[in-house]
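A.B. asks: Take a look at the following structure, please.
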Amino acid sequence: MKFQPYFDAAVAQIKAENRYRVFADLERQVGQFPKATFRKNGAAKDVTVWCSNDYLGMGQHPDVLTALCNTARNTGSGAGGTRNISGTSHPLVSLENELADLHHKESALVFTSGFVSNEASLSTIGKLLPNCLILSDELNHASMIEGIRRAGCEKKLFRHNDLAHLEELLKAADHDRPKLIAFESVYSMDGDIAPIEAIADLADQYNALTYIDEVHAVGMYGPRGGGMTDALGLSHRIDVVEGTLAKAFGTLGGYIASSEALVDAIRSYAPGFIFTTALPPAVTAAATASIRHLKASQVERDGQQRQVASTIKALTDAGLPVMPTQTHIVPVWVGDPMLCKAASDRLLEVHDIYIQPINYPTVPRGTERLRITPTPFHSETLIAELCDAMLEVWAHLGIDRADEPVRDDFVANRQRIAIHRAGG
Ligand SMILES: *Cc1c(COP(=O)(O)O)cnc(C)c1O
């Protein structure tokens with residue numbers, strides 16, 4: 001092929017930085033969660049998956065599978081078009097009503113993924129508001145960064161969860177100028193939570209809209225699974241709630257919930273919404289079944305919280321460097337890309353445990369980690385096995401287990417990424 005050396009060089013560069021990604025060939029088995037079949041070089045074996053974003057195992061819940069299969073049998077496999085052409089199916093209309101209710105909003109709009117929902121919504125809001133200024137948390141997800149970039153308006157990064165810095169930036173802008181504060185409720189790699197109420201207070205004081213990514217909280221927090229805003233009774237304080245149907249809800253798709261006017265504007269203007277085929281009705285029906293189940297059932301949330309606490313305690317007691325977390329996300333510090341990959345490889349090869357390495361650019365360089373996400377299905381036996389396996393791997397590879405330096409490094413590195421991202 002022509003120009004091949006350019007592609008080769010690009011990949012070689014990633015390899016030289018020890019951040020070449022190798023995907024594990026996994027096949028999940030309904031009824032065996034969190035076990036999966038792992039295949040490599042013609043051989044197959046069962047492994048325990050400790051890093052799935054199917055946080056509550058809803059991807060194989062009987063209600064969800066029934067809705068998926070019945071709808072596919074009754075209405076077929078695909079949507080048949082964009083929303084405008086012939087893709088607005090009845091299950092999709094029901095799903096949007098369900099989502100608006102979940103977040104106590106007037107309206108909701110479903111996209112083909114959470115990535116697309118952030119990219120399409122943020123870019124469109126930024127374009128529709130004249131001379132808009134977007135204030136963005138420096139650790140926001142790549143999909144938000146893409147949307148903000150495509151908005152083409154001025155943006156300012158505020159230091160992660162730093163209210164004083166956010167206020168300084170808000171204060172410096174003209175009061176009447178349209179402003180949007182974009183942030184996440186639960187940060188997916190560190191497991192910390194934004195000061196949501198205080199950000200909403202600042203938004204009121206300085207005349208800004210608020211946009212929150214609740215991707216890692218919907219289904220899991222709040223009495224009905226409406227996310228952190230639901231858990232804290234703050235839904236009415238946030239203008240736009242964005243979420244995914246692909247993580248705790250176990251299916252596929254993304255969405256926003258907001259006022260009727262804002263949703264209608266995005267529906268009418270966002271290319272990422274308009275010019276793509278709608279989600280299959282079967283997938284949307286499965287998502288609705290999952291949301292309805294989690295609105296009524298607390299069992300999964302309680303089970304997850306319990307097994308998360310148990311995992312954190314077991315790893316911490318064993319002296320493993322669990323990073324400070326406020327949520328179900330349990331990052332364990334490695335701090336080196338090669339060691340991180342080597343630890344992941346050894347867990348899989350020797351201990352039949354799958355936890356993918358988290359390296360740059362998902363996290364800042366020097367803060368590489370293993371990101372563990374316990375579910376209600378990770379039993380005490382599995383937790384004990386994980387603990388023993390990690391101790392063996394840490395000893396075998398000579399990874400640092402010291403705790404306090406870890407936290408200092410962590411903070412220093414967060415500051416470094418701030419500078420890095422502000423420059424880029
Ligand atoms: C995964 C993720 C998304 C994208 O959601 P998908 O439905 O997987 O496309 C958006 N925001 C955050 C913070 C995420 O972690």
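To be explicit about the labels: the chains of the structure tokens are called A, B, and onward in the order shown, and within each one the residues are counted from 1, while ligands get numbers from 1 in the order they are shown.
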Check the DSSP output for the backbone and give back, as number ranges by chain, the residues of stretch 219-421 of chain A in strand (DSSP E or B).

C.D. replies: A: 240-244, 254-258, 277, 322, 330-333, 353-354, 357-358, 369-372

A.B. asks: Could you list, as an mmCIF file with N, CA and C atoms, in the first residue's frame, all the residues within 6 Å of ligand 1, counting only C-alpha atoms and all ligand atoms?

C.D. replies:
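pocket_4.cif, written as the output of this step:
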data_model
loop_
_atom_site.group_PDB
_atom_site.id
_atom_site.type_symbol
_atom_site.label_atom_id
_atom_site.label_comp_id
_atom_site.auth_asym_id
_atom_site.auth_seq_id
_atom_site.Cartn_x
_atom_site.Cartn_y
_atom_site.Cartn_z
ATOM 1 N N SER A 113 -23.995 6.457 21.128
ATOM 2 C CA SER A 113 -23.074 6.099 22.211
ATOM 3 C C SER A 113 -22.932 7.288 23.156
ATOM 4 N N GLY A 114 -22.347 7.041 24.302
ATOM 5 C CA GLY A 114 -22.065 8.131 25.235
ATOM 6 C C GLY A 114 -21.045 9.092 24.635
ATOM 7 N N PHE A 115 -20.083 8.525 23.917
ATOM 8 C CA PHE A 115 -19.081 9.376 23.263
ATOM 9 C C PHE A 115 -19.776 10.364 22.330
ATOM 10 N N HIS A 141 -13.397 13.611 30.224
ATOM 11 C CA HIS A 141 -13.246 12.509 29.274
ATOM 12 C C HIS A 141 -12.973 13.012 27.849
ATOM 13 N N SER A 143 -14.297 12.356 25.116
ATOM 14 C CA SER A 143 -15.488 12.691 24.325
ATOM 15 C C SER A 143 -15.945 14.124 24.599
ATOM 16 N N SER A 188 -13.668 8.674 36.086
ATOM 17 C CA SER A 188 -13.623 7.235 35.829
ATOM 18 C C SER A 188 -12.298 6.578 36.140
ATOM 19 N N VAL A 215 -21.825 9.380 33.317
ATOM 20 C CA VAL A 215 -21.626 8.057 32.725
ATOM 21 C C VAL A 215 -21.263 6.984 33.759
ATOM 22 N N THR A 244 -24.671 7.204 29.842
ATOM 23 C CA THR A 244 -24.526 6.113 28.876
ATOM 24 C C THR A 244 -25.483 4.990 29.235
ATOM 25 N N ALA A 246 -24.429 2.040 28.242
ATOM 26 C CA ALA A 246 -23.496 0.940 27.960
ATOM 27 C C ALA A 246 -22.716 0.460 29.176
ATOM 28 N N GLY A 253 -25.470 2.815 23.855
ATOM 29 C CA GLY A 253 -26.107 4.097 23.539
ATOM 30 C C GLY A 253 -25.758 5.143 24.580
ATOM 31 N N GLY A 254 -26.003 6.404 24.235
ATOM 32 C CA GLY A 254 -25.769 7.503 25.174
ATOM 33 C C GLY A 254 -26.944 8.454 25.119
#

A.B. asks: Applying 8 Å and only C-alpha atoms, which residues near stretch 387-402 of chain A remain after dropping the ones on its own chain fewer than 3 positions away? List them as a list in words.

C.D. replies: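 Once the adjacent positions are removed, what remains is Ala314, Leu315, Ala318, Gly319, Leu320, Pro321, Val334, Leu339, Ala342, Ala343, Arg346, Leu347, His351, Ile383, Ala384, Pro405 and Val406 of chain A.
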
A.B. asks: Restricting the calculation to only C-alpha atoms: of A:Phe3, A:Phe111, A:Phe158, A:Tyr255, which residue gets closest to A:Thr88?

C.D. replies: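 Counting only C-alpha atoms, the residue closest to A:Thr88 is A:Phe111.
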
A.B. asks: May I have a table of the residues of stretch 172-285 of chain A lying at most 10 Å from stretch 357-375 of chain A, giving each one's closest pair of atoms and their distance in Å to one decimal, counting only C-alpha atoms, ordered by chain and ascending residue number, as a tab-separated table?

C.D. replies:
residue	atom	partner	partner_atom	distance
A:Ser188	CA	A:Arg371	CA	9.2
A:Met189	CA	A:Arg371	CA	7.0
A:Asp190	CA	A:Arg371	CA	8.6
A:Gly191	CA	A:Arg371	CA	9.6
A:Ala248	CA	A:Thr375	CA	9.9
